[in-house]
Amino acid sequence: MTADAVEAVEIGGALARLRRTTGLPVAFGGLVEPGRPRIRISELSGTTTAALRSLAVTSGSGLGGKAVALARPCAVTDYSSSRQISHEYDVPVAAEGIRAVLAVPVVVRRRVRGVLYGALRSARPLGDRTLGAAVAAARDVEQALAVRDEARGLLAAVGPEPAGTGRGAGWEQVREAHAALRALASRIADPELRAELLAACGLLTAPPSAGGVTLAPRELDVLSWVAAGATNAAVAERLGLRPETVKGYLRSAMRKLGAHTRGEAVTTARRAGLLP
């Protein structure tokens with residue numbers, strides 16, 4: 001699945017949550033097209049026509065374009081008669097039969113990446129509760145996209161293992177990326193996204209040895225940062241744990257690995273295919 005397809009899935013999931021939490025009958029949205037100041041509506045939920053599908057909305061035009069230009073939520077009570085927006089898209093909006101509409105931008109690192117819309121088929125105000133739920137849905141997408149961006153950046157920075165000892169600068173980047181990805185995964189509530197990140201971590205390690213040692217997720221998180229050269233205090237800060245808790249996880253990992261020192265634990269874990 002391409003990156004664009006994955007992001008479209010995130011938009012689609014957010015639209016379903018938006019309808020479920022607000023009761024809005026219609027939701028739709030899409031992503032900003034690369035290199036162009038416009039969004040392409042690709043995901044529809046609750047629509048009865050195809051009038052909005054693949055509609056290109058230019059920044060500044062219509063309600064969604066206004067949300068993109070201002071990078072903030074916008075809403076109108078009656079789309080066709082509103083004086084707050086321009087009306088380039090009245091025909092497809094009327095064809096779908098929607099009146100009250102809200103548009104919430106998806107903003108990642110100060111850049112608008114997409115827009116979520118919610119709509120009613122009657123002209124009445126969309127209250128604060130509805131707008132708040134739409135903003136929350138957009139925040140979910142923002143978090144998912146930000147994590148994916150960071151994960152892709154970490155993986156892109158990883159180079160092949162240097163010949164010889166495997167302790168060159170390039171391989172140290174692999175270890176830092178592995179530790180950072182595991183730390184990111186521990187902060188993700190979405191189980192599917194967390195599993196995807198952990199699977200990416202697995203790409204950086206060797207196949208596990210048959211009958212090898214198994215470490216608990218937190219033990220592996222701690223040992224990953226130790227392998228990258230972090231002190232216990234630094235590990236605690238990165239993982240949001242107390243230093244004493246880090247020491248406890250490290251001692252447990254060392255015991256399972258039959259190691260007497262931090263360095264021996266890291267070496268044994270690498271031989272077992274648990275660390276890069």
# chains A, B, ... in the order shown; residues from 1 in each chain; ligands from 1

call {"tool": "residues_around", "arguments": {"residues": "Leu44 (chain A)", "least_positions_apart": "4", "cutoff": "10 Å", "atoms": "only C-alpha atoms", "output": "list in words"}}
result
Ile11, Gly12, Leu15, Ala16, Val26, Ala27, Phe28, Gly29, Gly30, Thr48, Thr49, Ala50, Leu52, Arg53, Ser54 and Tyr117 of chain A

call {"tool": "select_by_dssp", "arguments": {"residues": "region 15-149 of chain A", "states": "helix (DSSP H, G or I)", "output": "PyMOL selection string"}}
result
chain A and resi 15-22+62-70+79-81+90-96+128-149

call {"tool": "write_last_selection", "arguments": {"atoms": "N, CA and C atoms", "output": "compact mmCIF listing (two decimals), in the first residue's frame"}}
result
# COMPACT_ATOMS: atom_id res chain seq x y z
N LEU A 15 -13.55 9.95 9.09
CA LEU A 15 -14.90 10.32 8.66
C LEU A 15 -15.95 9.41 9.31
N ALA A 16 -15.64 8.13 9.39
CA ALA A 16 -16.57 7.19 10.03
C ALA A 16 -16.74 7.53 11.51
N ARG A 17 -15.62 7.87 12.19
CA ARG A 17 -15.69 8.26 13.60
C ARG A 17 -16.48 9.56 13.76
N LEU A 18 -16.27 10.48 12.83
CA LEU A 18 -16.97 11.76 12.89
C LEU A 18 -18.48 11.57 12.82
N ARG A 19 -18.94 10.76 11.90
CA ARG A 19 -20.37 10.50 11.79
C ARG A 19 -20.91 9.78 13.02
N ARG A 20 -20.11 8.85 13.53
CA ARG A 20 -20.55 8.07 14.68
C ARG A 20 -20.67 8.93 15.93
N THR A 21 -19.75 9.85 16.13
CA THR A 21 -19.74 10.66 17.36
C THR A 21 -20.68 11.86 17.29
N THR A 22 -21.02 12.31 16.09
CA THR A 22 -21.85 13.51 15.97
C THR A 22 -23.27 13.25 15.48
N GLY A 62 -14.46 28.28 -1.72
CA GLY A 62 -15.44 27.47 -1.02
C GLY A 62 -15.12 27.36 0.46
N LEU A 63 -15.84 26.49 1.15
CA LEU A 63 -15.64 26.34 2.59
C LEU A 63 -14.34 25.61 2.90
N GLY A 64 -14.11 24.50 2.22
CA GLY A 64 -12.88 23.75 2.46
C GLY A 64 -11.64 24.53 2.08
N GLY A 65 -11.71 25.25 0.97
CA GLY A 65 -10.57 26.06 0.56
C GLY A 65 -10.28 27.16 1.56
N LYS A 66 -11.34 27.71 2.18
CA LYS A 66 -11.15 28.71 3.22
C LYS A 66 -10.47 28.10 4.44
N ALA A 67 -10.88 26.88 4.81
CA ALA A 67 -10.25 26.19 5.94
C ALA A 67 -8.78 25.92 5.67
N VAL A 68 -8.45 25.58 4.42
CA VAL A 68 -7.05 25.35 4.05
C VAL A 68 -6.26 26.65 4.15
N ALA A 69 -6.81 27.73 3.59
CA ALA A 69 -6.10 29.01 3.56
C ALA A 69 -5.87 29.57 4.97
N LEU A 70 -6.86 29.40 5.83
CA LEU A 70 -6.75 29.94 7.19
C LEU A 70 -6.14 28.95 8.18
N TYR A 79 -24.95 26.50 3.03
CA TYR A 79 -23.84 26.65 2.09
C TYR A 79 -24.21 27.55 0.91
N SER A 80 -25.33 27.29 0.28
CA SER A 80 -25.66 27.97 -0.98
C SER A 80 -25.89 29.46 -0.82
N SER A 81 -26.32 29.89 0.36
CA SER A 81 -26.64 31.32 0.54
C SER A 81 -25.62 32.04 1.43
N ASP A 90 -20.95 25.28 -5.72
CA ASP A 90 -22.37 25.20 -5.38
C ASP A 90 -23.08 24.05 -6.10
N VAL A 91 -22.71 23.79 -7.34
CA VAL A 91 -23.41 22.77 -8.12
C VAL A 91 -23.25 21.37 -7.51
N PRO A 92 -22.01 20.90 -7.26
CA PRO A 92 -21.89 19.57 -6.65
C PRO A 92 -22.45 19.51 -5.23
N VAL A 93 -22.34 20.60 -4.48
CA VAL A 93 -22.90 20.63 -3.12
C VAL A 93 -24.42 20.49 -3.19
N ALA A 94 -25.04 21.24 -4.11
CA ALA A 94 -26.51 21.15 -4.27
C ALA A 94 -26.93 19.78 -4.77
N ALA A 95 -26.13 19.19 -5.64
CA ALA A 95 -26.46 17.86 -6.17
C ALA A 95 -26.49 16.82 -5.06
N GLU A 96 -25.64 16.98 -4.08
CA GLU A 96 -25.61 16.05 -2.95
C GLU A 96 -26.69 16.40 -1.93
N ASP A 128 -21.29 23.69 19.01
CA ASP A 128 -19.92 23.53 19.48
C ASP A 128 -19.56 22.07 19.68
N ARG A 129 -20.50 21.26 20.14
CA ARG A 129 -20.21 19.84 20.36
C ARG A 129 -19.84 19.16 19.05
N THR A 130 -20.60 19.46 18.00
CA THR A 130 -20.32 18.86 16.69
C THR A 130 -18.97 19.33 16.16
N LEU A 131 -18.71 20.62 16.28
CA LEU A 131 -17.43 21.14 15.80
C LEU A 131 -16.28 20.55 16.60
N GLY A 132 -16.46 20.42 17.92
CA GLY A 132 -15.42 19.83 18.75
C GLY A 132 -15.11 18.39 18.36
N ALA A 133 -16.16 17.62 18.04
CA ALA A 133 -15.94 16.24 17.62
C ALA A 133 -15.21 16.18 16.28
N ALA A 134 -15.52 17.10 15.39
CA ALA A 134 -14.83 17.15 14.10
C ALA A 134 -13.36 17.50 14.28
N VAL A 135 -13.09 18.45 15.17
CA VAL A 135 -11.69 18.82 15.46
C VAL A 135 -10.95 17.63 16.06
N ALA A 136 -11.60 16.89 16.96
CA ALA A 136 -10.97 15.72 17.58
C ALA A 136 -10.64 14.66 16.52
N ALA A 137 -11.55 14.46 15.56
CA ALA A 137 -11.29 13.50 14.49
C ALA A 137 -10.09 13.93 13.65
N ALA A 138 -10.00 15.25 13.38
CA ALA A 138 -8.86 15.76 12.61
C ALA A 138 -7.56 15.58 13.39
N ARG A 139 -7.62 15.77 14.73
CA ARG A 139 -6.42 15.61 15.55
C ARG A 139 -5.92 14.16 15.49
N ASP A 140 -6.86 13.20 15.46
CA ASP A 140 -6.46 11.79 15.34
C ASP A 140 -5.68 11.56 14.05
N VAL A 141 -6.17 12.15 12.96
CA VAL A 141 -5.47 12.00 11.68
C VAL A 141 -4.10 12.68 11.75
N GLU A 142 -4.05 13.86 12.34
CA GLU A 142 -2.78 14.58 12.46
C GLU A 142 -1.75 13.75 13.20
N GLN A 143 -2.17 13.14 14.32
CA GLN A 143 -1.23 12.33 15.09
C GLN A 143 -0.72 11.15 14.26
N ALA A 144 -1.65 10.48 13.58
CA ALA A 144 -1.25 9.33 12.78
C ALA A 144 -0.28 9.73 11.67
N LEU A 145 -0.57 10.83 10.98
CA LEU A 145 0.32 11.28 9.90
C LEU A 145 1.67 11.73 10.44
N ALA A 146 1.67 12.41 11.59
CA ALA A 146 2.93 12.86 12.18
C ALA A 146 3.81 11.68 12.55
N VAL A 147 3.21 10.64 13.12
CA VAL A 147 3.97 9.45 13.50
C VAL A 147 4.50 8.75 12.25
N ARG A 148 3.67 8.64 11.23
CA ARG A 148 4.13 8.00 9.99
C ARG A 148 5.27 8.81 9.37
N ASP A 149 5.16 10.13 9.38
CA ASP A 149 6.23 10.96 8.84
C ASP A 149 7.54 10.72 9.57

call {"tool": "decode", "arguments": {"residues": "region 242-257 of chain A", "atoms": "all heavy atoms", "output": "mmCIF file, in the first residue's frame"}}
result
data_model
loop_
_atom_site.group_PDB
_atom_site.id
_atom_site.type_symbol
_atom_site.label_atom_id
_atom_site.label_comp_id
_atom_site.auth_asym_id
_atom_site.auth_seq_id
_atom_site.Cartn_x
_atom_site.Cartn_y
_atom_site.Cartn_z
ATOM 1 N N ARG A 242 10.274 6.458 35.233
ATOM 2 C CA ARG A 242 11.181 6.878 36.299
ATOM 3 C C ARG A 242 12.498 6.132 36.138
ATOM 4 O O ARG A 242 12.522 4.969 35.683
ATOM 5 C CB ARG A 242 10.568 6.563 37.665
ATOM 6 C CG ARG A 242 9.271 7.303 37.940
ATOM 7 C CD ARG A 242 8.644 6.853 39.238
ATOM 8 N NE ARG A 242 9.536 7.077 40.377
ATOM 9 C CZ ARG A 242 9.314 6.607 41.595
ATOM 10 N NH1 ARG A 242 8.234 5.861 41.828
ATOM 11 N NH2 ARG A 242 10.161 6.875 42.569
ATOM 12 N N PRO A 243 13.631 6.736 36.517
ATOM 13 C CA PRO A 243 14.926 6.050 36.401
ATOM 14 C C PRO A 243 14.941 4.702 37.114
ATOM 15 O O PRO A 243 15.553 3.736 36.623
ATOM 16 C CB PRO A 243 15.903 7.045 37.041
ATOM 17 C CG PRO A 243 15.266 8.376 36.816
ATOM 18 C CD PRO A 243 13.787 8.138 36.957
ATOM 19 N N GLU A 244 14.268 4.610 38.283
ATOM 20 C CA GLU A 244 14.233 3.343 39.015
ATOM 21 C C GLU A 244 13.504 2.268 38.223
ATOM 22 O O GLU A 244 13.869 1.086 38.256
ATOM 23 C CB GLU A 244 13.556 3.536 40.376
ATOM 24 C CG GLU A 244 14.298 4.431 41.343
ATOM 25 C CD GLU A 244 14.127 5.917 41.039
ATOM 26 O OE1 GLU A 244 13.294 6.261 40.155
ATOM 27 O OE2 GLU A 244 14.827 6.732 41.665
ATOM 28 N N THR A 245 12.463 2.706 37.490
ATOM 29 C CA THR A 245 11.720 1.755 36.664
ATOM 30 C C THR A 245 12.577 1.251 35.520
ATOM 31 O O THR A 245 12.556 0.056 35.179
ATOM 32 C CB THR A 245 10.445 2.424 36.115
ATOM 33 O OG1 THR A 245 9.677 2.945 37.198
ATOM 34 C CG2 THR A 245 9.606 1.430 35.336
ATOM 35 N N VAL A 246 13.350 2.145 34.927
ATOM 36 C CA VAL A 246 14.263 1.753 33.855
ATOM 37 C C VAL A 246 15.267 0.727 34.366
ATOM 38 O O VAL A 246 15.540 -0.291 33.714
ATOM 39 C CB VAL A 246 14.988 2.990 33.285
ATOM 40 C CG1 VAL A 246 16.137 2.563 32.364
ATOM 41 C CG2 VAL A 246 14.007 3.879 32.530
ATOM 42 N N LYS A 247 15.820 0.983 35.542
ATOM 43 C CA LYS A 247 16.781 0.041 36.127
ATOM 44 C C LYS A 247 16.145 -1.334 36.335
ATOM 45 O O LYS A 247 16.774 -2.371 36.101
ATOM 46 C CB LYS A 247 17.303 0.580 37.454
ATOM 47 C CG LYS A 247 18.196 1.801 37.328
ATOM 48 C CD LYS A 247 18.630 2.301 38.697
ATOM 49 C CE LYS A 247 19.478 3.562 38.592
ATOM 50 N NZ LYS A 247 19.864 4.086 39.920
ATOM 51 N N GLY A 248 14.882 -1.329 36.776
ATOM 52 C CA GLY A 248 14.192 -2.598 36.992
ATOM 53 C C GLY A 248 14.020 -3.378 35.698
ATOM 54 O O GLY A 248 14.265 -4.593 35.660
ATOM 55 N N TYR A 249 13.601 -2.690 34.622
ATOM 56 C CA TYR A 249 13.463 -3.364 33.339
ATOM 57 C C TYR A 249 14.816 -3.866 32.828
ATOM 58 O O TYR A 249 14.915 -4.967 32.270
ATOM 59 C CB TYR A 249 12.847 -2.417 32.303
ATOM 60 C CG TYR A 249 11.354 -2.215 32.449
ATOM 61 C CD1 TYR A 249 10.809 -0.937 32.523
ATOM 62 C CD2 TYR A 249 10.489 -3.300 32.478
ATOM 63 C CE1 TYR A 249 9.429 -0.741 32.643
ATOM 64 C CE2 TYR A 249 9.112 -3.119 32.593
ATOM 65 C CZ TYR A 249 8.595 -1.830 32.685
ATOM 66 O OH TYR A 249 7.249 -1.658 32.804
ATOM 67 N N LEU A 250 15.836 -3.084 33.027
ATOM 68 C CA LEU A 250 17.164 -3.473 32.559
ATOM 69 C C LEU A 250 17.672 -4.697 33.321
ATOM 70 O O LEU A 250 18.222 -5.635 32.716
ATOM 71 C CB LEU A 250 18.135 -2.304 32.710
ATOM 72 C CG LEU A 250 19.555 -2.520 32.170
ATOM 73 C CD1 LEU A 250 19.528 -2.945 30.705
ATOM 74 C CD2 LEU A 250 20.375 -1.241 32.335
ATOM 75 N N ARG A 251 17.473 -4.705 34.645
ATOM 76 C CA ARG A 251 17.894 -5.868 35.433
ATOM 77 C C ARG A 251 17.151 -7.127 34.997
ATOM 78 O O ARG A 251 17.737 -8.216 34.885
ATOM 79 C CB ARG A 251 17.657 -5.609 36.922
ATOM 80 C CG ARG A 251 18.692 -4.707 37.582
ATOM 81 C CD ARG A 251 18.597 -4.791 39.098
ATOM 82 N NE ARG A 251 17.293 -4.325 39.589
ATOM 83 C CZ ARG A 251 17.045 -3.091 39.957
ATOM 84 N NH1 ARG A 251 18.007 -2.165 39.905
ATOM 85 N NH2 ARG A 251 15.839 -2.745 40.399
ATOM 86 N N SER A 252 15.852 -6.980 34.734
ATOM 87 C CA SER A 252 15.067 -8.127 34.298
ATOM 88 C C SER A 252 15.557 -8.655 32.953
ATOM 89 O O SER A 252 15.681 -9.876 32.753
ATOM 90 C CB SER A 252 13.591 -7.724 34.196
ATOM 91 O OG SER A 252 12.803 -8.789 33.717
ATOM 92 N N ALA A 253 15.850 -7.742 32.029
ATOM 93 C CA ALA A 253 16.354 -8.161 30.720
ATOM 94 C C ALA A 253 17.706 -8.854 30.852
ATOM 95 O O ALA A 253 17.959 -9.887 30.208
ATOM 96 C CB ALA A 253 16.471 -6.949 29.799
ATOM 97 N N MET A 254 18.571 -8.302 31.699
ATOM 98 C CA MET A 254 19.882 -8.915 31.905
ATOM 99 C C MET A 254 19.751 -10.320 32.469
ATOM 100 O O MET A 254 20.467 -11.247 32.064
ATOM 101 C CB MET A 254 20.722 -8.030 32.837
ATOM 102 C CG MET A 254 21.169 -6.719 32.201
ATOM 103 S SD MET A 254 21.893 -5.547 33.384
ATOM 104 C CE MET A 254 23.294 -6.486 33.990
ATOM 105 N N ARG A 255 18.820 -10.487 33.405
ATOM 106 C CA ARG A 255 18.618 -11.817 34.013
ATOM 107 C C ARG A 255 18.155 -12.817 32.959
ATOM 108 O O ARG A 255 18.651 -13.947 32.888
ATOM 109 C CB ARG A 255 17.606 -11.705 35.140
ATOM 110 C CG ARG A 255 17.384 -13.020 35.898
ATOM 111 C CD ARG A 255 16.502 -12.827 37.103
ATOM 112 N NE ARG A 255 15.155 -12.376 36.744
ATOM 113 C CZ ARG A 255 14.703 -11.143 36.942
ATOM 114 N NH1 ARG A 255 15.483 -10.223 37.508
ATOM 115 N NH2 ARG A 255 13.480 -10.802 36.587
ATOM 116 N N LYS A 256 17.203 -12.424 32.120
ATOM 117 C CA LYS A 256 16.696 -13.325 31.078
ATOM 118 C C LYS A 256 17.782 -13.683 30.071
ATOM 119 O O LYS A 256 17.805 -14.797 29.531
ATOM 120 C CB LYS A 256 15.509 -12.680 30.361
ATOM 121 C CG LYS A 256 14.254 -12.554 31.206
ATOM 122 C CD LYS A 256 13.128 -11.905 30.412
ATOM 123 C CE LYS A 256 11.851 -11.788 31.222
ATOM 124 N NZ LYS A 256 10.746 -11.158 30.457
ATOM 125 N N LEU A 257 18.662 -12.719 29.804
ATOM 126 C CA LEU A 257 19.719 -12.929 28.814
ATOM 127 C C LEU A 257 20.950 -13.592 29.402
ATOM 128 O O LEU A 257 21.900 -13.911 28.668
ATOM 129 C CB LEU A 257 20.102 -11.583 28.186
ATOM 130 C CG LEU A 257 19.024 -10.915 27.328
ATOM 131 C CD1 LEU A 257 19.378 -9.450 27.068
ATOM 132 C CD2 LEU A 257 18.842 -11.655 26.000
#
